[in-house]
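Contents: one structure, followed by commentary.
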Number of protein chains: 2
Amino acid sequence: MTPSQNAQSLFDQWQRGNLMAPDCPSRPVLQHLTSRWGVLVMIALAIGPHRFAELRRRVGGISERMLSQTLQELEGDGFVLRTAHPVVPPHVDYELTPMGREAAEHVLGLTRWIEDALPRIIAGRKDAA
Amino acid sequence: MTPSQNAQSLFDQWQRGNLMAPDCPSRPVLQHLTSRWGVLVMIALAIGPHRFAELRRRVGGISERMLSQTLQELEGDGFVLRTAHPVVPPHVDYELTPMGREAAEHVLGLTRWIEDALPRIIAGRKDAA
């Protein structure tokens, strides 16, 4: 390969993510979407826009700090849109972007399967014990 | 509701998982499937059975300890089957169970989407900066 072919090949590889490569920028995206709270916030937002406090109520057990951090990560990846309305008292909405809705569909595919499979998973553990 | 209807309703709710509930046993399952390494091990095993060392080579950056722990968690949920062949030197295979293959399909749906969407995600970050 000539240097320019080599560069093109590297570029093409890099354009599409490769999660098996430790340094691929797709890895932090996966982390954000599949973190303990990232998954649950994506599911909640798939229902529709939420204010911060509504989200916190819906996602059982999340702390204010973790919810802020999770929303920032998802906003940084372009999955969540934060809209601050210029009113008193301040009113901030969070909603999925079009790309976030695509991601949420896949997250939902996995989480629905887990919820449905739970009885089988638990039965399997009892058989093994 | 009578007490027995109430009990039945609780039982039905519990049979199917509810990830939004902090104490639902579906939460640790989600954790195992979406942990940093759980996702990548599931993808690797979706290709076919692997020995431990093969898996470690395929999943870039995983340590021996984390691979062991991840495999144990996935085995505990019934997604991975560990087969020790009685030969010298010891030879242990890891493969997905039928239930693990179902789970892997959903994990793959999400990871393929992330790999494909990566150029858009990165472009979005540049626009925002």
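Chain labels run A, B, ... following the order of the structure tokens; each chain numbers its residues from 1, and ligands are numbered from 1 in the order shown.
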
- Proximal residues of chain B relative to chain A (only C-alpha atoms; 8 Å) as a PyMOL selection string: chain B and resi 15-22+25-26+29-31+34-36+40+58-61+76-78+103+106-107+109-111+113-119+121-122+124-125

How would chain A read as a compact mmCIF listing (two decimals) with N, CA and C atoms, in the first residue's frame after a least-squares superposition onto chain B over every Cα atom, matched in order?
```txt
# COMPACT_ATOMS: atom_id res chain seq x y z
N MET A 1 -58.75 -5.47 46.52
CA MET A 1 -58.16 -6.78 46.20
C MET A 1 -58.08 -7.64 47.46
N THR A 2 -58.44 -8.91 47.32
CA THR A 2 -58.27 -9.84 48.43
C THR A 2 -56.77 -10.11 48.59
N PRO A 3 -56.38 -10.63 49.75
CA PRO A 3 -54.94 -10.93 49.91
C PRO A 3 -54.43 -11.86 48.81
N SER A 4 -55.24 -12.83 48.38
CA SER A 4 -54.70 -13.76 47.37
C SER A 4 -54.61 -13.10 46.00
N GLN A 5 -55.57 -12.20 45.69
CA GLN A 5 -55.48 -11.44 44.43
C GLN A 5 -54.25 -10.54 44.46
N ASN A 6 -54.04 -9.96 45.63
CA ASN A 6 -52.89 -9.08 45.81
C ASN A 6 -51.59 -9.85 45.58
N ALA A 7 -51.57 -11.06 46.16
CA ALA A 7 -50.37 -11.90 46.01
C ALA A 7 -50.17 -12.27 44.54
N GLN A 8 -51.28 -12.61 43.86
CA GLN A 8 -51.18 -13.00 42.45
C GLN A 8 -50.67 -11.82 41.61
N SER A 9 -51.20 -10.65 41.91
CA SER A 9 -50.80 -9.47 41.15
C SER A 9 -49.31 -9.16 41.36
N LEU A 10 -48.88 -9.29 42.60
CA LEU A 10 -47.46 -9.08 42.89
C LEU A 10 -46.62 -10.11 42.14
N PHE A 11 -47.10 -11.34 42.14
CA PHE A 11 -46.36 -12.42 41.48
C PHE A 11 -46.25 -12.16 39.98
N ASP A 12 -47.38 -11.74 39.37
CA ASP A 12 -47.37 -11.47 37.93
C ASP A 12 -46.41 -10.33 37.59
N GLN A 13 -46.45 -9.30 38.42
CA GLN A 13 -45.53 -8.19 38.18
C GLN A 13 -44.10 -8.66 38.26
N TRP A 14 -43.87 -9.54 39.20
CA TRP A 14 -42.51 -9.95 39.46
C TRP A 14 -42.01 -10.93 38.40
N GLN A 15 -42.94 -11.69 37.85
CA GLN A 15 -42.57 -12.67 36.82
C GLN A 15 -41.86 -11.98 35.66
N ARG A 16 -42.45 -10.88 35.19
CA ARG A 16 -41.81 -10.10 34.16
C ARG A 16 -40.95 -9.07 34.90
N GLY A 17 -39.76 -8.81 34.39
CA GLY A 17 -38.91 -7.84 35.06
C GLY A 17 -39.40 -6.42 34.88
N ASN A 18 -38.97 -5.53 35.74
CA ASN A 18 -39.24 -4.10 35.60
C ASN A 18 -37.97 -3.34 35.94
N LEU A 19 -37.25 -2.97 34.90
CA LEU A 19 -35.93 -2.37 35.12
C LEU A 19 -36.00 -1.04 35.84
N MET A 20 -37.16 -0.39 35.82
CA MET A 20 -37.26 0.91 36.50
C MET A 20 -37.35 0.75 38.03
N ALA A 21 -37.59 -0.46 38.49
CA ALA A 21 -37.69 -0.69 39.93
C ALA A 21 -36.32 -1.05 40.50
N PRO A 22 -35.87 -0.28 41.51
CA PRO A 22 -34.50 -0.47 42.00
C PRO A 22 -34.18 -1.90 42.41
N ASP A 23 -35.17 -2.63 42.97
CA ASP A 23 -34.85 -3.95 43.51
C ASP A 23 -35.18 -5.09 42.55
N CYS A 24 -35.57 -4.78 41.34
CA CYS A 24 -35.95 -5.85 40.42
C CYS A 24 -34.72 -6.68 40.06
N PRO A 25 -34.89 -8.03 40.10
CA PRO A 25 -33.74 -8.89 39.76
C PRO A 25 -33.31 -8.78 38.29
N SER A 26 -34.07 -8.03 37.48
CA SER A 26 -33.61 -7.80 36.10
C SER A 26 -32.43 -6.83 36.07
N ARG A 27 -32.28 -6.02 37.12
CA ARG A 27 -31.20 -5.01 37.09
C ARG A 27 -29.81 -5.62 37.06
N PRO A 28 -29.51 -6.63 37.94
CA PRO A 28 -28.18 -7.24 37.80
C PRO A 28 -27.98 -7.91 36.44
N VAL A 29 -29.04 -8.47 35.85
CA VAL A 29 -28.89 -9.10 34.53
C VAL A 29 -28.49 -8.04 33.50
N LEU A 30 -29.17 -6.90 33.56
CA LEU A 30 -28.82 -5.78 32.66
C LEU A 30 -27.36 -5.38 32.87
N GLN A 31 -26.98 -5.30 34.14
CA GLN A 31 -25.59 -4.93 34.46
C GLN A 31 -24.58 -5.88 33.83
N HIS A 32 -24.89 -7.19 33.92
CA HIS A 32 -23.95 -8.18 33.39
C HIS A 32 -23.85 -8.08 31.87
N LEU A 33 -25.00 -7.87 31.22
CA LEU A 33 -25.01 -7.84 29.75
C LEU A 33 -24.46 -6.53 29.20
N THR A 34 -24.52 -5.46 30.01
CA THR A 34 -24.11 -4.16 29.49
C THR A 34 -22.87 -3.62 30.19
N SER A 35 -22.23 -4.43 31.02
CA SER A 35 -21.00 -3.96 31.64
C SER A 35 -19.96 -3.73 30.55
N ARG A 36 -18.99 -2.90 30.87
CA ARG A 36 -17.91 -2.61 29.92
C ARG A 36 -17.46 -3.85 29.18
N TRP A 37 -17.24 -4.93 29.91
CA TRP A 37 -16.71 -6.14 29.28
C TRP A 37 -17.78 -7.15 28.89
N GLY A 38 -18.91 -7.12 29.62
CA GLY A 38 -19.99 -8.06 29.32
C GLY A 38 -20.43 -7.96 27.87
N VAL A 39 -20.61 -6.73 27.40
CA VAL A 39 -21.02 -6.49 26.01
C VAL A 39 -20.03 -7.13 25.05
N LEU A 40 -18.75 -6.85 25.28
CA LEU A 40 -17.74 -7.28 24.31
C LEU A 40 -17.55 -8.80 24.32
N VAL A 41 -17.67 -9.40 25.51
CA VAL A 41 -17.56 -10.87 25.60
C VAL A 41 -18.75 -11.52 24.90
N MET A 42 -19.94 -10.94 25.07
CA MET A 42 -21.12 -11.49 24.38
C MET A 42 -20.95 -11.42 22.86
N ILE A 43 -20.42 -10.30 22.37
CA ILE A 43 -20.21 -10.16 20.92
C ILE A 43 -19.21 -11.21 20.44
N ALA A 44 -18.12 -11.35 21.19
CA ALA A 44 -17.08 -12.30 20.77
C ALA A 44 -17.66 -13.71 20.74
N LEU A 45 -18.44 -14.07 21.77
CA LEU A 45 -18.99 -15.43 21.83
C LEU A 45 -20.09 -15.63 20.78
N ALA A 46 -20.69 -14.54 20.30
CA ALA A 46 -21.69 -14.66 19.25
C ALA A 46 -21.05 -15.19 17.96
N ILE A 47 -19.74 -15.00 17.82
CA ILE A 47 -19.02 -15.51 16.65
C ILE A 47 -18.91 -17.04 16.74
N GLY A 48 -18.74 -17.55 17.96
CA GLY A 48 -18.63 -18.99 18.15
C GLY A 48 -17.93 -19.29 19.46
N PRO A 49 -17.79 -20.58 19.80
CA PRO A 49 -17.12 -20.96 21.04
C PRO A 49 -15.66 -20.49 21.05
N HIS A 50 -15.18 -20.15 22.21
CA HIS A 50 -13.80 -19.69 22.36
C HIS A 50 -13.18 -20.34 23.59
N ARG A 51 -11.87 -20.55 23.53
CA ARG A 51 -11.14 -20.82 24.76
C ARG A 51 -10.87 -19.50 25.44
N PHE A 52 -10.50 -19.59 26.73
CA PHE A 52 -10.25 -18.39 27.53
C PHE A 52 -9.23 -17.47 26.86
N ALA A 53 -8.10 -18.04 26.46
CA ALA A 53 -7.02 -17.20 25.90
C ALA A 53 -7.43 -16.57 24.58
N GLU A 54 -8.23 -17.30 23.79
CA GLU A 54 -8.73 -16.74 22.52
C GLU A 54 -9.63 -15.53 22.78
N LEU A 55 -10.50 -15.70 23.77
CA LEU A 55 -11.40 -14.61 24.12
C LEU A 55 -10.62 -13.39 24.55
N ARG A 56 -9.58 -13.64 25.34
CA ARG A 56 -8.81 -12.52 25.86
C ARG A 56 -8.12 -11.77 24.73
N ARG A 57 -7.65 -12.51 23.73
CA ARG A 57 -7.01 -11.85 22.59
C ARG A 57 -8.03 -11.04 21.80
N ARG A 58 -9.25 -11.59 21.68
CA ARG A 58 -10.23 -10.94 20.82
C ARG A 58 -10.77 -9.65 21.44
N VAL A 59 -10.97 -9.67 22.76
CA VAL A 59 -11.55 -8.51 23.44
C VAL A 59 -10.40 -7.60 23.89
N GLY A 60 -10.03 -6.66 23.04
CA GLY A 60 -8.86 -5.83 23.30
C GLY A 60 -8.91 -5.13 24.64
N GLY A 61 -7.87 -5.33 25.45
CA GLY A 61 -7.73 -4.56 26.68
C GLY A 61 -8.27 -5.22 27.93
N ILE A 62 -8.93 -6.38 27.81
CA ILE A 62 -9.50 -7.02 29.01
C ILE A 62 -8.40 -7.75 29.77
N SER A 63 -8.46 -7.67 31.11
CA SER A 63 -7.49 -8.39 31.95
C SER A 63 -8.01 -9.81 32.21
N GLU A 64 -7.10 -10.69 32.63
CA GLU A 64 -7.52 -12.06 32.95
C GLU A 64 -8.60 -12.07 34.03
N ARG A 65 -8.39 -11.23 35.03
CA ARG A 65 -9.31 -11.20 36.16
C ARG A 65 -10.71 -10.74 35.71
N MET A 66 -10.75 -9.68 34.91
CA MET A 66 -12.05 -9.17 34.46
C MET A 66 -12.74 -10.16 33.52
N LEU A 67 -11.95 -10.85 32.71
CA LEU A 67 -12.56 -11.84 31.81
C LEU A 67 -13.18 -12.98 32.62
N SER A 68 -12.45 -13.46 33.65
CA SER A 68 -12.99 -14.53 34.52
C SER A 68 -14.29 -14.08 35.16
N GLN A 69 -14.26 -12.88 35.72
CA GLN A 69 -15.44 -12.38 36.44
C GLN A 69 -16.63 -12.21 35.49
N THR A 70 -16.36 -11.66 34.31
CA THR A 70 -17.42 -11.44 33.33
C THR A 70 -18.03 -12.77 32.90
N LEU A 71 -17.17 -13.77 32.65
CA LEU A 71 -17.67 -15.08 32.22
C LEU A 71 -18.51 -15.73 33.33
N GLN A 72 -18.07 -15.57 34.57
CA GLN A 72 -18.83 -16.14 35.70
C GLN A 72 -20.21 -15.52 35.80
N GLU A 73 -20.28 -14.19 35.64
CA GLU A 73 -21.57 -13.52 35.72
C GLU A 73 -22.50 -14.01 34.62
N LEU A 74 -21.97 -14.08 33.41
CA LEU A 74 -22.80 -14.48 32.26
C LEU A 74 -23.20 -15.95 32.36
N GLU A 75 -22.32 -16.76 32.98
CA GLU A 75 -22.65 -18.17 33.20
C GLU A 75 -23.76 -18.26 34.26
N GLY A 76 -23.65 -17.42 35.29
CA GLY A 76 -24.66 -17.42 36.37
C GLY A 76 -26.05 -17.06 35.87
N ASP A 77 -26.12 -16.21 34.85
CA ASP A 77 -27.42 -15.82 34.29
C ASP A 77 -27.92 -16.83 33.26
N GLY A 78 -27.08 -17.81 32.93
CA GLY A 78 -27.50 -18.82 31.95
C GLY A 78 -27.23 -18.42 30.51
N PHE A 79 -26.36 -17.44 30.28
CA PHE A 79 -26.07 -17.00 28.91
C PHE A 79 -24.85 -17.72 28.33
N VAL A 80 -23.97 -18.17 29.21
CA VAL A 80 -22.72 -18.78 28.75
C VAL A 80 -22.59 -20.17 29.34
N LEU A 81 -22.15 -21.12 28.51
CA LEU A 81 -21.90 -22.48 28.96
C LEU A 81 -20.39 -22.71 28.98
N ARG A 82 -19.90 -23.20 30.11
CA ARG A 82 -18.49 -23.47 30.28
C ARG A 82 -18.30 -24.98 30.23
N THR A 83 -17.46 -25.44 29.33
CA THR A 83 -17.23 -26.89 29.22
C THR A 83 -15.75 -27.17 29.45
N ALA A 84 -15.47 -27.93 30.52
CA ALA A 84 -14.08 -28.31 30.80
C ALA A 84 -13.85 -29.70 30.22
N HIS A 85 -12.96 -29.80 29.26
CA HIS A 85 -12.66 -31.10 28.66
C HIS A 85 -11.60 -31.80 29.50
N PRO A 86 -11.83 -33.08 29.83
CA PRO A 86 -10.91 -33.79 30.73
C PRO A 86 -9.66 -34.26 29.99
N VAL A 87 -8.85 -33.30 29.61
CA VAL A 87 -7.61 -33.62 28.89
C VAL A 87 -6.45 -32.92 29.56
N VAL A 88 -5.22 -33.34 29.22
CA VAL A 88 -4.01 -32.69 29.70
C VAL A 88 -3.27 -32.10 28.48
N PRO A 89 -2.96 -30.77 28.47
CA PRO A 89 -3.29 -29.77 29.49
C PRO A 89 -4.78 -29.43 29.48
N PRO A 90 -5.32 -28.89 30.59
CA PRO A 90 -6.75 -28.60 30.69
C PRO A 90 -7.22 -27.72 29.53
N HIS A 91 -8.43 -27.97 29.07
CA HIS A 91 -8.96 -27.25 27.91
C HIS A 91 -10.41 -26.91 28.24
N VAL A 92 -10.67 -25.61 28.35
CA VAL A 92 -12.01 -25.14 28.72
C VAL A 92 -12.58 -24.28 27.59
N ASP A 93 -13.79 -24.63 27.18
CA ASP A 93 -14.48 -23.87 26.13
C ASP A 93 -15.60 -23.05 26.74
N TYR A 94 -15.80 -21.89 26.15
CA TYR A 94 -16.94 -21.05 26.53
C TYR A 94 -17.78 -20.83 25.29
N GLU A 95 -19.10 -20.98 25.43
CA GLU A 95 -19.98 -20.73 24.29
C GLU A 95 -21.31 -20.17 24.79
N LEU A 96 -22.06 -19.56 23.90
CA LEU A 96 -23.38 -19.05 24.28
C LEU A 96 -24.38 -20.19 24.38
N THR A 97 -25.27 -20.13 25.35
CA THR A 97 -26.41 -21.04 25.43
C THR A 97 -27.47 -20.52 24.44
N PRO A 98 -28.53 -21.30 24.19
CA PRO A 98 -29.60 -20.77 23.33
C PRO A 98 -30.13 -19.42 23.86
N MET A 99 -30.32 -19.31 25.17
CA MET A 99 -30.81 -18.03 25.72
C MET A 99 -29.75 -16.94 25.54
N GLY A 100 -28.48 -17.32 25.67
CA GLY A 100 -27.40 -16.36 25.46
C GLY A 100 -27.37 -15.85 24.02
N ARG A 101 -27.73 -16.74 23.08
CA ARG A 101 -27.75 -16.29 21.68
C ARG A 101 -28.86 -15.28 21.45
N GLU A 102 -29.99 -15.48 22.12
CA GLU A 102 -31.07 -14.49 22.02
C GLU A 102 -30.59 -13.14 22.57
N ALA A 103 -29.96 -13.18 23.74
CA ALA A 103 -29.47 -11.93 24.35
C ALA A 103 -28.44 -11.28 23.45
N ALA A 104 -27.55 -12.10 22.89
CA ALA A 104 -26.46 -11.57 22.07
C ALA A 104 -27.01 -10.84 20.84
N GLU A 105 -28.13 -11.34 20.31
CA GLU A 105 -28.72 -10.68 19.14
C GLU A 105 -29.07 -9.23 19.46
N HIS A 106 -29.63 -9.03 20.65
CA HIS A 106 -30.01 -7.66 21.02
C HIS A 106 -28.79 -6.81 21.35
N VAL A 107 -27.81 -7.43 22.00
CA VAL A 107 -26.56 -6.70 22.28
C VAL A 107 -25.92 -6.29 20.94
N LEU A 108 -25.92 -7.22 19.99
CA LEU A 108 -25.33 -6.93 18.68
C LEU A 108 -26.10 -5.84 17.94
N GLY A 109 -27.41 -5.82 18.10
CA GLY A 109 -28.20 -4.77 17.46
C GLY A 109 -27.72 -3.40 17.91
N LEU A 110 -27.49 -3.29 19.22
CA LEU A 110 -27.03 -2.01 19.78
C LEU A 110 -25.60 -1.69 19.36
N THR A 111 -24.71 -2.68 19.45
CA THR A 111 -23.30 -2.39 19.18
C THR A 111 -23.06 -2.10 17.69
N ARG A 112 -23.77 -2.83 16.81
CA ARG A 112 -23.64 -2.53 15.38
C ARG A 112 -24.09 -1.11 15.09
N TRP A 113 -25.18 -0.72 15.73
CA TRP A 113 -25.68 0.64 15.51
C TRP A 113 -24.62 1.66 15.96
N ILE A 114 -24.02 1.43 17.13
CA ILE A 114 -23.00 2.37 17.63
C ILE A 114 -21.83 2.45 16.65
N GLU A 115 -21.35 1.30 16.19
CA GLU A 115 -20.21 1.30 15.26
C GLU A 115 -20.56 2.04 13.98
N ASP A 116 -21.78 1.83 13.48
CA ASP A 116 -22.19 2.50 12.24
C ASP A 116 -22.42 4.00 12.45
N ALA A 117 -22.93 4.34 13.64
CA ALA A 117 -23.30 5.75 13.89
C ALA A 117 -22.09 6.59 14.29
N LEU A 118 -20.95 5.94 14.56
CA LEU A 118 -19.81 6.68 15.11
C LEU A 118 -19.43 7.92 14.29
N PRO A 119 -19.34 7.81 12.95
CA PRO A 119 -19.00 9.03 12.20
C PRO A 119 -19.97 10.18 12.46
N ARG A 120 -21.27 9.87 12.56
CA ARG A 120 -22.26 10.91 12.83
C ARG A 120 -22.08 11.50 14.23
N ILE A 121 -21.78 10.61 15.18
CA ILE A 121 -21.61 11.07 16.57
C ILE A 121 -20.43 12.02 16.66
N ILE A 122 -19.33 11.63 16.00
CA ILE A 122 -18.12 12.46 16.03
C ILE A 122 -18.35 13.78 15.29
N ALA A 123 -19.04 13.72 14.16
CA ALA A 123 -19.34 14.95 13.42
C ALA A 123 -20.19 15.90 14.26
N GLY A 124 -21.14 15.34 15.01
CA GLY A 124 -21.99 16.16 15.87
C GLY A 124 -21.20 16.87 16.95
N ARG A 125 -20.19 16.19 17.48
CA ARG A 125 -19.35 16.81 18.52
C ARG A 125 -18.57 17.98 17.94
N LYS A 126 -18.07 17.80 16.70
CA LYS A 126 -17.31 18.89 16.07
C LYS A 126 -18.20 20.09 15.82
N ASP A 127 -19.44 19.83 15.40
CA ASP A 127 -20.37 20.95 15.18
C ASP A 127 -20.63 21.71 16.47
N ALA A 128 -20.71 20.96 17.56
CA ALA A 128 -21.04 21.58 18.85
C ALA A 128 -19.86 22.38 19.38
N ALA A 129 -18.62 21.99 19.01
CA ALA A 129 -17.43 22.63 19.59
C ALA A 129 -17.16 24.00 18.95
```

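All residues in chain A with a DSSP state of strand (DSSP E or B), computed from the backbone, read A:His50, A:Arg51, A:Val80, A:Leu81, A:Arg82, A:Thr83, A:Ala84, A:His85, A:His91, A:Val92, A:Asp93, A:Tyr94, A:Glu95, A:Leu96.
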
- Message: Just list as a ChimeraX atom specification whatever in chain B DSSP marks as helix (DSSP H, G or I).
- Response: /B:3-15,26-34,36-47,52-58,64-76,98-128

Selection file, C-alpha atoms, as a PDB file, in the first residue's frame:
```pdb
ATOM      1  CA  PRO B   3     -55.503 -10.693  49.483  1.00  0.00           C
ATOM      2  CA  SER B   4     -55.110 -13.575  47.024  1.00  0.00           C
ATOM      3  CA  GLN B   5     -55.730 -11.323  44.003  1.00  0.00           C
ATOM      4  CA  ASN B   6     -53.226  -8.935  45.456  1.00  0.00           C
ATOM      5  CA  ALA B   7     -50.693 -11.737  45.850  1.00  0.00           C
ATOM      6  CA  GLN B   8     -51.315 -12.903  42.283  1.00  0.00           C
ATOM      7  CA  SER B   9     -50.883  -9.393  40.956  1.00  0.00           C
ATOM      8  CA  LEU B  10     -47.623  -8.982  42.854  1.00  0.00           C
ATOM      9  CA  PHE B  11     -46.462 -12.342  41.572  1.00  0.00           C
ATOM     10  CA  ASP B  12     -47.303 -11.449  37.960  1.00  0.00           C
ATOM     11  CA  GLN B  13     -45.474  -8.164  38.259  1.00  0.00           C
ATOM     12  CA  TRP B  14     -42.490  -9.920  39.678  1.00  0.00           C
ATOM     13  CA  GLN B  15     -42.479 -12.669  37.068  1.00  0.00           C
ATOM     14  CA  SER B  26     -33.485  -7.808  36.264  1.00  0.00           C
ATOM     15  CA  ARG B  27     -31.063  -5.029  37.243  1.00  0.00           C
ATOM     16  CA  PRO B  28     -28.033  -7.248  37.909  1.00  0.00           C
ATOM     17  CA  VAL B  29     -28.772  -9.111  34.645  1.00  0.00           C
ATOM     18  CA  LEU B  30     -28.732  -5.794  32.779  1.00  0.00           C
ATOM     19  CA  GLN B  31     -25.477  -4.947  34.546  1.00  0.00           C
ATOM     20  CA  HIS B  32     -23.839  -8.186  33.454  1.00  0.00           C
ATOM     21  CA  LEU B  33     -24.949  -7.852  29.826  1.00  0.00           C
ATOM     22  CA  THR B  34     -24.040  -4.176  29.552  1.00  0.00           C
ATOM     23  CA  ARG B  36     -17.842  -2.600  29.943  1.00  0.00           C
ATOM     24  CA  TRP B  37     -16.646  -6.152  29.262  1.00  0.00           C
ATOM     25  CA  GLY B  38     -19.928  -8.077  29.338  1.00  0.00           C
ATOM     26  CA  VAL B  39     -21.008  -6.508  26.045  1.00  0.00           C
ATOM     27  CA  LEU B  40     -17.736  -7.292  24.302  1.00  0.00           C
ATOM     28  CA  VAL B  41     -17.536 -10.882  25.594  1.00  0.00           C
ATOM     29  CA  MET B  42     -21.121 -11.502  24.422  1.00  0.00           C
ATOM     30  CA  ILE B  43     -20.241 -10.173  20.937  1.00  0.00           C
ATOM     31  CA  ALA B  44     -17.118 -12.316  20.761  1.00  0.00           C
ATOM     32  CA  LEU B  45     -19.016 -15.444  21.833  1.00  0.00           C
ATOM     33  CA  ALA B  46     -21.750 -14.671  19.286  1.00  0.00           C
ATOM     34  CA  ILE B  47     -19.104 -15.531  16.655  1.00  0.00           C
ATOM     35  CA  PHE B  52     -10.213 -18.403  27.431  1.00  0.00           C
ATOM     36  CA  ALA B  53      -6.988 -17.220  25.762  1.00  0.00           C
ATOM     37  CA  GLU B  54      -8.743 -16.754  22.419  1.00  0.00           C
ATOM     38  CA  LEU B  55     -11.403 -14.630  24.048  1.00  0.00           C
ATOM     39  CA  ARG B  56      -8.782 -12.538  25.754  1.00  0.00           C
ATOM     40  CA  ARG B  57      -7.023 -11.850  22.469  1.00  0.00           C
ATOM     41  CA  ARG B  58     -10.277 -10.935  20.736  1.00  0.00           C
ATOM     42  CA  GLU B  64      -7.427 -12.070  32.821  1.00  0.00           C
ATOM     43  CA  ARG B  65      -9.179 -11.207  36.047  1.00  0.00           C
ATOM     44  CA  MET B  66     -11.930  -9.179  34.391  1.00  0.00           C
ATOM     45  CA  LEU B  67     -12.474 -11.844  31.744  1.00  0.00           C
ATOM     46  CA  SER B  68     -12.878 -14.532  34.445  1.00  0.00           C
ATOM     47  CA  GLN B  69     -15.298 -12.388  36.413  1.00  0.00           C
ATOM     48  CA  THR B  70     -17.314 -11.451  33.325  1.00  0.00           C
ATOM     49  CA  LEU B  71     -17.583 -15.086  32.219  1.00  0.00           C
ATOM     50  CA  GLN B  72     -18.685 -16.155  35.695  1.00  0.00           C
ATOM     51  CA  GLU B  73     -21.430 -13.514  35.765  1.00  0.00           C
ATOM     52  CA  LEU B  74     -22.702 -14.490  32.317  1.00  0.00           C
ATOM     53  CA  GLU B  75     -22.546 -18.178  33.260  1.00  0.00           C
ATOM     54  CA  GLY B  76     -24.516 -17.422  36.449  1.00  0.00           C
ATOM     55  CA  PRO B  98     -29.605 -20.775  23.464  1.00  0.00           C
ATOM     56  CA  MET B  99     -30.785 -18.060  25.881  1.00  0.00           C
ATOM     57  CA  GLY B 100     -27.379 -16.379  25.562  1.00  0.00           C
ATOM     58  CA  ARG B 101     -27.779 -16.306  21.794  1.00  0.00           C
ATOM     59  CA  GLU B 102     -31.096 -14.499  22.177  1.00  0.00           C
ATOM     60  CA  ALA B 103     -29.479 -11.956  24.483  1.00  0.00           C
ATOM     61  CA  ALA B 104     -26.487 -11.590  22.152  1.00  0.00           C
ATOM     62  CA  GLU B 105     -28.776 -10.712  19.260  1.00  0.00           C
ATOM     63  CA  HIS B 106     -30.057  -7.691  21.161  1.00  0.00           C
ATOM     64  CA  VAL B 107     -26.597  -6.719  22.366  1.00  0.00           C
ATOM     65  CA  LEU B 108     -25.389  -6.948  18.759  1.00  0.00           C
ATOM     66  CA  GLY B 109     -28.276  -4.790  17.573  1.00  0.00           C
ATOM     67  CA  LEU B 110     -27.084  -2.034  19.863  1.00  0.00           C
ATOM     68  CA  THR B 111     -23.354  -2.408  19.225  1.00  0.00           C
ATOM     69  CA  ARG B 112     -23.724  -2.554  15.440  1.00  0.00           C
ATOM     70  CA  TRP B 113     -25.777   0.605  15.583  1.00  0.00           C
ATOM     71  CA  ILE B 114     -23.080   2.356  17.672  1.00  0.00           C
ATOM     72  CA  GLU B 115     -20.309   1.282  15.289  1.00  0.00           C
ATOM     73  CA  ASP B 116     -22.313   2.484  12.279  1.00  0.00           C
ATOM     74  CA  ALA B 117     -23.412   5.719  13.934  1.00  0.00           C
ATOM     75  CA  LEU B 118     -19.931   6.660  15.124  1.00  0.00           C
ATOM     76  CA  PRO B 119     -19.143   9.021  12.209  1.00  0.00           C
ATOM     77  CA  ARG B 120     -22.403  10.911  12.866  1.00  0.00           C
ATOM     78  CA  ILE B 121     -21.712  11.055  16.599  1.00  0.00           C
ATOM     79  CA  ILE B 122     -18.239  12.450  16.022  1.00  0.00           C
ATOM     80  CA  ALA B 123     -19.478  14.931  13.405  1.00  0.00           C
ATOM     81  CA  GLY B 124     -22.097  16.132  15.886  1.00  0.00           C
ATOM     82  CA  ARG B 125     -19.424  16.791  18.498  1.00  0.00           C
ATOM     83  CA  LYS B 126     -17.414  18.888  16.040  1.00  0.00           C
ATOM     84  CA  ASP B 127     -20.495  20.929  15.173  1.00  0.00           C
ATOM     85  CA  ALA B 128     -21.118  21.559  18.849  1.00  0.00           C
TER      86      ALA B 128
END
```
